[in-house]
file model12.txt (compact mmCIF, C-alpha atoms)
# COMPACT_ATOMS: atom_id res chain seq x y z
CA THR A 1076 136.32 -28.95 22.37
CA PHE A 1077 133.85 -30.53 19.96
CA ILE A 1078 136.63 -31.38 17.49
CA ASP A 1079 138.81 -32.90 20.24
CA GLU A 1080 135.97 -35.09 21.51
CA MET A 1081 134.98 -36.10 17.99
CA VAL A 1082 138.52 -37.09 16.94
CA GLU A 1083 139.07 -39.13 20.10
CA SER A 1084 136.02 -41.33 19.46
CA TYR A 1085 136.62 -41.40 15.69
CA VAL A 1086 140.24 -42.57 16.01
CA ASP A 1087 139.97 -44.89 19.03
CA PHE A 1088 136.66 -46.65 18.31
CA GLY A 1089 136.40 -46.37 14.52
CA GLY A 1090 133.42 -44.04 14.52
CA VAL A 1091 131.77 -41.06 16.17
CA LEU A 1092 128.07 -40.43 16.79
CA ILE A 1093 127.08 -36.75 16.72
CA LYS A 1094 123.81 -35.46 18.17
CA ASP A 1095 122.00 -32.18 17.58
CA VAL A 1096 120.96 -30.95 21.04
CA ASN A 1097 119.78 -27.47 19.96
CA ASN A 1098 122.85 -25.90 21.51
CA ILE A 1099 125.74 -23.80 20.30
CA ARG A 1100 127.61 -26.95 19.30
CA PRO A 1101 126.54 -30.56 18.68
CA GLU A 1102 127.18 -33.24 21.27
CA VAL A 1103 129.57 -36.15 20.82
CA VAL A 1104 127.61 -39.12 22.14
CA PRO A 1105 129.81 -41.40 24.29
CA LEU A 1106 129.38 -44.85 22.77
CA GLN A 1107 129.25 -46.31 26.28
CA ARG A 1108 126.00 -44.38 26.81
CA ILE A 1109 124.16 -46.32 24.11
CA ALA A 1110 121.90 -48.90 25.74
CA PHE A 1111 121.20 -50.64 22.42
CA CYS A 1112 121.25 -49.96 18.69
CA ASP A 1113 121.51 -51.77 15.36
CA GLN A 1114 124.90 -53.52 15.35
CA THR A 1115 125.12 -53.40 11.55
CA ASP A 1116 123.95 -49.84 10.83
CA ILE A 1117 123.41 -47.49 13.77
CA LEU A 1118 121.32 -44.87 11.97
CA LYS A 1119 118.92 -47.30 10.30
CA GLY A 1120 117.64 -48.94 13.49
CA THR A 1121 116.31 -47.98 16.89
CA ILE A 1122 118.76 -46.02 19.03
CA CYS A 1123 118.45 -45.97 22.82
CA GLU A 1124 120.59 -43.87 25.15
CA LYS A 1125 120.76 -44.37 28.91
CA HIS A 1126 121.06 -41.19 30.99
CA TYR A 1127 121.41 -40.47 34.69
CA TYR A 1128 119.61 -37.36 35.93
CA SER A 1129 119.73 -35.75 39.34
CA PRO A 1130 116.36 -34.60 40.71
CA GLU A 1131 117.14 -30.97 39.87
CA GLU A 1132 118.15 -31.84 36.30
CA LEU A 1133 114.97 -33.86 35.89
CA ARG A 1134 112.77 -31.04 37.19
CA GLY A 1135 114.40 -28.77 34.62
CA MET A 1136 112.96 -30.97 31.88
CA LYS A 1137 109.40 -29.90 32.67
CA LYS A 1138 109.88 -26.99 30.29
CA ASN A 1139 110.38 -29.57 27.49
CA GLY A 1140 107.01 -31.17 28.17
CA TRP A 1141 108.19 -34.07 30.34
CA LYS A 1142 105.56 -35.47 32.72
CA ASN A 1143 105.42 -37.75 35.81
CA ILE A 1144 108.72 -36.28 37.01
CA ASP A 1145 107.80 -35.80 40.68
CA GLU A 1146 106.48 -39.36 40.91
CA LEU A 1147 109.74 -40.70 39.50
CA ILE A 1148 111.93 -38.60 41.81
CA THR A 1149 110.31 -40.06 44.93
CA LEU A 1150 111.32 -43.53 43.70
CA ALA A 1151 114.94 -42.65 42.93
CA GLN A 1152 117.85 -44.36 44.69
CA ASN A 1153 121.30 -43.16 45.77
CA GLU A 1154 123.09 -45.32 43.24
CA LYS A 1155 124.14 -45.80 39.64
CA LYS A 1156 124.17 -49.09 37.74
CA ASN A 1157 126.58 -50.33 35.08
CA THR A 1158 128.82 -47.27 35.06
CA PRO A 1159 132.21 -47.32 33.26
CA VAL A 1160 133.88 -47.42 36.70
CA ALA A 1161 131.91 -50.54 37.70
CA PRO A 1162 130.40 -52.11 34.54
CA ASN A 1163 128.61 -54.97 36.30
CA LYS A 1164 127.95 -53.46 39.72
CA THR A 1165 125.78 -50.87 41.42
CA THR A 1166 127.75 -47.87 42.64
CA LYS A 1167 126.49 -45.96 45.68
CA THR A 1168 126.31 -42.18 45.21
CA PRO A 1169 125.88 -39.28 47.66
CA ILE A 1170 122.77 -37.96 45.88
CA ARG A 1171 119.85 -39.57 44.12
CA TYR A 1172 120.05 -40.39 40.44
CA ILE A 1173 117.28 -41.40 38.08
CA GLU A 1174 118.00 -43.80 35.22
CA VAL A 1175 116.24 -42.52 32.10
CA TYR A 1176 116.09 -44.08 28.63
CA GLU A 1177 115.87 -41.96 25.48
CA VAL A 1178 114.56 -44.04 22.55
CA HIS A 1179 114.54 -42.96 18.90
CA GLY A 1180 112.94 -45.24 16.33
CA VAL A 1181 110.01 -46.13 14.09
CA PHE A 1182 107.13 -47.59 16.10
CA PRO A 1183 103.37 -48.25 15.76
CA LYS A 1184 101.27 -45.11 15.68
CA GLU A 1185 99.23 -46.43 18.63
CA TRP A 1186 102.20 -45.84 20.92
CA LEU A 1187 101.64 -42.09 20.69
CA ASN A 1188 99.14 -39.85 22.44
CA GLU A 1189 95.92 -39.39 20.53
CA ASP A 1190 96.53 -35.66 20.11
CA SER A 1191 99.91 -36.45 18.50
CA TYR A 1192 98.47 -38.54 15.67
CA TYR A 1193 98.82 -37.43 12.11
CA ASP A 1194 97.20 -39.47 9.37
CA ASP A 1195 99.59 -40.11 6.50
CA GLY A 1196 98.34 -43.60 5.72
CA GLU A 1197 101.25 -45.25 7.52
CA SER A 1198 100.90 -47.51 10.57
CA LEU A 1199 104.53 -46.92 11.64
CA VAL A 1200 105.87 -43.45 12.35
CA PRO A 1201 109.23 -42.10 13.64
CA GLN A 1202 108.93 -41.39 17.35
CA LEU A 1203 110.85 -40.22 20.42
CA HIS A 1204 110.14 -41.83 23.79
CA ILE A 1205 111.62 -40.83 27.15
CA CYS A 1206 110.94 -43.46 29.81
CA ALA A 1207 112.22 -44.81 33.10
CA PHE A 1208 111.72 -47.88 35.25
CA TYR A 1209 111.26 -48.47 38.95
CA ALA A 1210 110.76 -51.49 41.16
CA ASN A 1211 108.06 -51.63 43.82
CA GLN A 1212 108.38 -53.22 47.26
CA GLU A 1213 107.57 -56.65 45.81
CA GLY A 1214 110.43 -56.32 43.31
CA PHE A 1215 108.23 -55.97 40.20
CA LYS A 1216 109.51 -53.55 37.56
CA TYR A 1217 107.23 -50.86 36.15
CA GLY A 1218 107.74 -48.31 33.40
CA ILE A 1219 106.97 -44.60 33.52
CA THR A 1220 106.70 -42.53 30.34
CA LEU A 1221 108.10 -39.03 30.73
CA PHE A 1222 107.62 -37.93 27.13
CA LYS A 1223 106.52 -39.33 23.77
CA GLY A 1224 105.97 -37.67 20.45
CA ILE A 1225 106.57 -37.65 16.71
CA GLU A 1226 110.16 -37.15 15.57
CA LYS A 1227 110.32 -35.65 12.11
CA GLU A 1228 114.10 -35.88 11.79
CA LEU A 1229 116.67 -38.07 13.54
CA PRO A 1230 119.04 -35.84 15.57
CA TYR A 1231 122.10 -38.03 14.88
CA LYS A 1232 124.88 -38.07 12.32
CA LEU A 1233 127.54 -40.80 12.10
CA LEU A 1234 131.12 -40.59 10.86
CA LEU A 1235 133.06 -43.83 10.40
CA ARG A 1236 136.80 -44.42 10.09
CA ASP A 1237 137.80 -47.24 7.69
CA LYS A 1238 134.28 -48.56 7.09
CA ILE A 1239 133.65 -52.29 7.45
CA TYR A 1240 130.70 -53.75 5.56
CA GLY A 1241 127.95 -55.06 7.84
CA ARG A 1242 129.39 -53.52 11.00
CA ALA A 1243 128.15 -50.47 12.90
CA LEU A 1244 131.62 -49.06 13.59
CA GLY A 1245 134.70 -48.86 11.41
CA PHE A 1246 138.20 -50.15 12.14
CA GLY A 1247 139.38 -48.33 15.26
CA GLY A 1248 142.83 -47.48 16.52
CA ALA A 1249 142.48 -49.68 19.60
CA GLU A 1250 141.48 -52.62 17.40
CA GLU A 1251 144.40 -51.86 15.10
CA LEU A 1252 146.84 -52.49 17.95
CA PHE A 1253 145.28 -55.70 19.29
CA GLU A 1254 147.94 -57.95 17.70
CA PRO A 1255 150.99 -56.06 19.01
CA GLN A 1256 149.36 -55.91 22.45
CA VAL A 1257 148.79 -59.68 22.49
CA TRP A 1258 152.44 -60.43 21.80
CA VAL A 1259 153.76 -57.77 24.19
CA ASN A 1260 151.57 -59.37 26.88
CA TYR A 1261 153.07 -62.76 25.96
CA ASP A 1262 156.63 -61.44 26.29
CA VAL A 1263 155.98 -59.61 29.57
CA ILE A 1264 154.37 -62.70 31.12
CA ARG A 1265 157.44 -64.74 30.22
CA MET A 1266 159.77 -62.09 31.64
CA LYS A 1267 157.76 -61.98 34.85
CA GLY A 1268 158.16 -65.76 35.16
CA MET A 1269 161.92 -65.40 34.73
CA LEU A 1270 162.12 -62.66 37.36
CA ASP A 1271 160.06 -64.73 39.78
CA ILE A 1272 162.58 -67.55 39.44
CA ALA A 1273 165.56 -65.17 39.60
CA SER A 1274 164.28 -63.75 42.89
CA LYS A 1275 164.62 -67.16 44.56
CA VAL A 1276 167.88 -68.36 46.16
CA ILE A 1277 168.06 -72.14 45.61
CA PHE A 1278 170.76 -74.56 46.77
CA GLN A 1279 171.63 -78.10 45.80
CA THR A 1280 173.51 -80.99 47.43
CA ALA A 1281 173.85 -84.75 47.06
CA ASP A 1282 173.22 -85.14 50.80
CA SER A 1283 169.61 -86.39 50.93
CA ALA A 1284 169.26 -85.73 54.67
CA PHE A 1285 170.75 -82.24 54.57
CA ALA A 1286 167.47 -80.28 54.76
CA ASN A 1287 166.05 -82.26 57.67
CA ARG A 1288 169.29 -82.20 59.59
CA ASN A 1289 169.82 -78.41 59.26
CA LYS A 1290 166.19 -77.22 59.30
CA THR A 1291 166.73 -75.02 56.25
CA GLY A 1292 163.25 -73.51 56.50
CA VAL A 1293 164.20 -71.37 59.51
CA LEU A 1294 167.81 -70.37 58.82
CA GLU A 1295 169.32 -67.18 60.30
CA ASN A 1296 172.15 -65.08 58.92
CA GLY A 1297 175.59 -66.49 59.78
CA GLU A 1298 174.42 -70.02 60.60
CA ILE A 1299 176.84 -72.89 60.01
CA LEU A 1300 175.45 -75.84 58.06
CA ILE A 1301 176.74 -79.39 58.33
CA THR A 1302 177.13 -81.59 55.25
CA GLU A 1303 178.21 -85.17 54.75
CA PRO A 1304 181.84 -85.73 53.64
CA ASN A 1305 182.35 -85.14 49.91
CA MET A 1306 178.76 -83.81 49.57
CA PRO A 1307 179.12 -80.00 49.45
CA ILE A 1308 176.20 -77.58 49.04
CA SER A 1309 176.16 -75.08 46.19
CA GLN A 1310 173.84 -72.39 44.88
CA ILE A 1311 171.87 -72.96 41.67
CA ASN A 1312 172.23 -70.24 39.04
CA THR A 1313 168.72 -68.84 38.49
CA SER A 1314 169.68 -65.67 36.60
CA PRO A 1315 167.32 -65.02 33.63
CA VAL A 1316 169.74 -65.79 30.81
CA ASN A 1317 167.24 -65.25 27.95
CA ILE A 1318 165.43 -62.17 29.31
CA THR A 1319 167.16 -59.90 26.76
CA VAL A 1320 165.47 -61.79 23.92
CA PHE A 1321 162.03 -60.94 25.32
CA GLN A 1322 163.01 -57.33 26.05
CA ASN A 1323 164.10 -56.93 22.43
CA SER A 1324 160.82 -58.48 21.28
CA VAL A 1325 158.81 -55.99 23.35
CA ALA A 1326 160.82 -53.10 21.87
CA GLU A 1327 160.20 -54.39 18.32
CA TRP A 1328 156.45 -54.75 18.89
CA GLU A 1329 156.33 -51.26 20.41
CA ALA A 1330 158.12 -49.83 17.38
CA GLN A 1331 155.66 -51.58 15.06
CA ALA A 1332 152.70 -50.34 17.12
CA ARG A 1333 154.03 -46.78 16.97
CA GLN A 1334 154.36 -47.04 13.20
CA MET A 1335 150.83 -48.44 12.82
CA GLY A 1336 149.39 -45.75 15.09
CA ALA A 1337 151.45 -42.95 13.49
CA ALA A 1338 152.89 -42.21 16.96
CA THR A 1339 156.19 -40.73 15.72
CA GLU A 1340 158.58 -38.76 17.92
CA ALA A 1341 157.29 -35.48 16.47
CA ILE A 1342 153.67 -36.36 17.22
CA MET A 1343 154.54 -37.39 20.80
CA GLY A 1344 156.68 -34.30 21.44
CA GLU A 1345 159.92 -36.25 21.67
CA SER A 1346 163.30 -35.42 20.14
CA PRO A 1347 164.00 -37.82 17.23
CA THR A 1348 167.06 -40.06 17.46
CA SER A 1349 170.13 -39.10 15.46
call {"tool": "encode", "arguments": {"input": "model12.txt", "output": "structure tokens"}}
result
Amino acid sequence: TFIDEMVESYVDFGGVLIKDVNNIRPEVVPLQRIAFCDQTDILKGTICEKHYYSPEELRGMKKNGWKNIDELITLAQNEKKNTPVAPNKTTKTPIRYIEVYEVHGVFPKEWLNEDSYYDDGESLVPQLHICAFYANQEGFKYGITLFKGIEKELPYKLLLRDKIYGRALGFGGAEELFEPQVWVNYDVIRMKGMLDIASKVIFQTADSAFANRNKTGVLENGEILITEPNMPISQINTSPVNITVFQNSVAEWEAQARQMGAATEAIMGESPTS
């Protein structure tokens, strides 16, 4: 399971962030869970993860030395914010969830508890902070610290695919297929326009008063229409004559995308063509 999760992030997004959680296997950190980090080098800057805990999960953290948990639970709401399902909205949930931030970085020594100090002559030390925020009735936001302490070793490792200098992530598979996707979108939009036109039945006549005289907007099946002498009515050909060109273009871009993504018939479980 760990390998499957790791490869998915590594291939799709150009990198995978692994975290030691003192368990049987490491955790693959979903990149969407990162609240902020260094955009040029993830491991060299502050890393902040955003978690959602239920009250029971949060109470279970007391054994790890977390404090102020009961106070925070009473302020929790039945909602989640900025989830992958609704990135810019608040989603209502059947149970309460608490938004908790896990921050790893190098900060001033004064940010720690006095009993956590160690004097090595440095004013900045690597630290771990677990904190949350709540809003009071007036709408002001306050922070609550659940845990803070010295972090001797960063629990993360990073593996990049096709490294790019000055960028946190490498060249990902999704990014690799941006260009084919753009042109397939272009072709499909054009084909949709052709089909929209082809779905319409349009007539033409030299009789300028034909439409008003026959009330063409409310015609029934089998109605007889009257035209002026020598001014017949005929249907305009709206069939999409060039749609095959766009269909061939989509097929060519798909073939190129498959080649770029190594999505051969064998890999996809399909029988190869003769």
call {"tool": "atom_distance", "arguments": {"input": "model12.txt", "atom1": "CA of Gly1214 in chain A", "atom2": "CA of Ser1129 in chain A"}}
result
22.9 Å
call {"tool": "residues_near_point", "arguments": {"input": "model12.txt", "point": "(117.1, -52.6, 16.0)", "cutoff": "12 Å", "atoms": "all atoms listed in the file", "output": "count of residues only"}}
result
20
call {"tool": "residues_around", "arguments": {"input": "model12.txt", "residues": "Cys1206 in chain A", "least_positions_apart": "4", "cutoff": "9 Å", "atoms": "all atoms listed in the file", "output": "list in words"}}
result
Glu1174, Val1175, Tyr1176, Glu1177, Val1178, Gly1218, Ile1219, Thr1220, Leu1221, Phe1222 and Lys1223 of chain A
call {"tool": "write_last_selection", "arguments": {"input": "model12.txt", "atoms": "C-alpha atoms", "output": "short mmCIF file (atom, residue, chain, number, x, y, z; two decimals), in the frame of the given file"}}
result
data_model
loop_
_atom_site.label_atom_id
_atom_site.label_comp_id
_atom_site.auth_asym_id
_atom_site.auth_seq_id
_atom_site.Cartn_x
_atom_site.Cartn_y
_atom_site.Cartn_z
CA GLU A 1174 118.00 -43.80 35.22
CA VAL A 1175 116.24 -42.52 32.10
CA TYR A 1176 116.09 -44.08 28.63
CA GLU A 1177 115.87 -41.96 25.48
CA VAL A 1178 114.56 -44.04 22.55
CA GLY A 1218 107.74 -48.31 33.40
CA ILE A 1219 106.97 -44.60 33.52
CA THR A 1220 106.70 -42.53 30.34
CA LEU A 1221 108.10 -39.03 30.73
CA PHE A 1222 107.62 -37.93 27.13
CA LYS A 1223 106.52 -39.33 23.77
#
call {"tool": "closest_residue", "arguments": {"input": "model12.txt", "among": "A:Lys1275, A:Lys1138, A:Arg1265, A:Lys1094", "to": "Met1081 in chain A", "atoms": "only C-alpha atoms"}}
result
A:Lys1094
call {"tool": "atom_distance", "arguments": {"input": "model12.txt", "atom1": "CA of Phe1321 in chain A", "atom2": "CA of Pro1255 in chain A"}}
result
13.6 Å
call {"tool": "residues_around", "arguments": {"input": "model12.txt", "residues": "Glu1083 in chain A", "least_positions_apart": "6", "cutoff": "12 Å", "atoms": "all atoms listed in the file", "output": "list of chain:residue names"}}
result
A:Thr1076, A:Phe1077, A:Gly1089, A:Gly1090, A:Val1091, A:Leu1092, A:Val1103, A:Val1104, A:Pro1105, A:Leu1106, A:Arg1236, A:Gly1247, A:Gly1248, A:Ala1249
